[in-house]
Amino acid sequence: MEDDYIIGAFLHPNYKQLRGATDSQVADCYRTCRHFIEAHQPSIDVIEEDYEPPTKKTKVFMSMLMDKQQKEQETGSDELDKYIRLTLDEKEQYENPMEFWKKLGNRSAFPNLVRLARKYYSIPCSSASVERQFSATGQIITQRRANLDPSTVNDIIFLRSADKQLS
């Protein structure tokens with residue numbers, strides 16, 4: 001399978017485990033997604049309007065004798081790892097993956113993966129529409145009409161497609 005198909009399957013919430021892919025394909029998929037996320041991270045130089053300086057740690061009396069409390073740190077807390085760990089309810093299954101990505105909670109939790117999903121799911125599955133356009137252009141530009149201006153041909157094709165959609 002090609003990488004685009006694997007990434008498309010990964011971005012579908014029902015198939016993100018990539019059960020039919022090899023380990024190297026899964027690793028390539030994760031690497032590509034991480035690269036996309038890193039490329040679209042906001043720069044550090046961005047100044048936030050509601051910036052507050054970090055608060056100082058309060059000193060606790062006899063803190064040297066207290067048990068050290070360790071915070072649970074998430075292993076791999078980036079957006080991709082959160083998506084991989086995400087589990088769906090039994091009733092939450094998607095036929096159209098864009099329904100998942102259109103939800104406000106998912107858009108805010110995975111902003112870069114939403115962009116990646118839009119990028120991959122905007123690719124047409126077949127070239128049939130392009131082939132129809134070429135066929136229509138071939139019917140318009142004949143030997144007798146070979147000197148038509150390209151903008152005129154575009155206008156004719158546009159009017160033809162608009163007429164078919166209205167019919």
# chains A, B, ... in the order shown; residues from 1 in each chain; ligands from 1
call {"tool": "residues_around", "arguments": {"residues": "A:Ala117", "least_positions_apart": "2", "cutoff": "9 Å", "atoms": "only C-alpha atoms", "output": "PyMOL selection string"}}
result
chain A and resi 7-8+11-12+97-98+101+112-115+119-122
call {"tool": "write_last_selection", "arguments": {"atoms": "C-alpha atoms", "output": "mmCIF file, in the first residue's frame"}}
result
data_model
loop_
_atom_site.group_PDB
_atom_site.id
_atom_site.type_symbol
_atom_site.label_atom_id
_atom_site.label_comp_id
_atom_site.auth_asym_id
_atom_site.auth_seq_id
_atom_site.Cartn_x
_atom_site.Cartn_y
_atom_site.Cartn_z
ATOM 1 C CA ILE A 7 -2.194 7.972 6.438
ATOM 2 C CA GLY A 8 -5.792 8.213 5.204
ATOM 3 C CA LEU A 11 -6.834 9.603 10.124
ATOM 4 C CA HIS A 12 -10.086 7.622 10.096
ATOM 5 C CA PRO A 97 -14.200 10.375 9.025
ATOM 6 C CA MET A 98 -14.782 14.093 8.486
ATOM 7 C CA TRP A 101 -12.935 15.878 12.638
ATOM 8 C CA ASN A 112 -2.919 20.020 13.390
ATOM 9 C CA LEU A 113 -4.375 16.582 12.706
ATOM 10 C CA VAL A 114 -7.589 18.298 11.564
ATOM 11 C CA ARG A 115 -5.525 20.191 8.983
ATOM 12 C CA LYS A 119 -5.478 17.765 3.290
ATOM 13 C CA TYR A 120 -5.737 14.002 2.776
ATOM 14 C CA TYR A 121 -9.512 13.702 2.498
ATOM 15 C CA SER A 122 -9.706 16.450 -0.119
#
call {"tool": "closest_residue", "arguments": {"among": "A:Arg31, A:Lys82, A:Arg19, A:Arg145", "to": "A:Asp3", "atoms": "only C-alpha atoms"}}
result
A:Arg31
call {"tool": "atom_distance", "arguments": {"atom1": "atom CA of A:Arg34", "atom2": "atom CA of A:Lys102"}}
result
21.0 Å
call {"tool": "atom_distance", "arguments": {"atom1": "atom CA of A:Tyr83", "atom2": "atom CA of A:Phe36"}}
result
14.5 Å
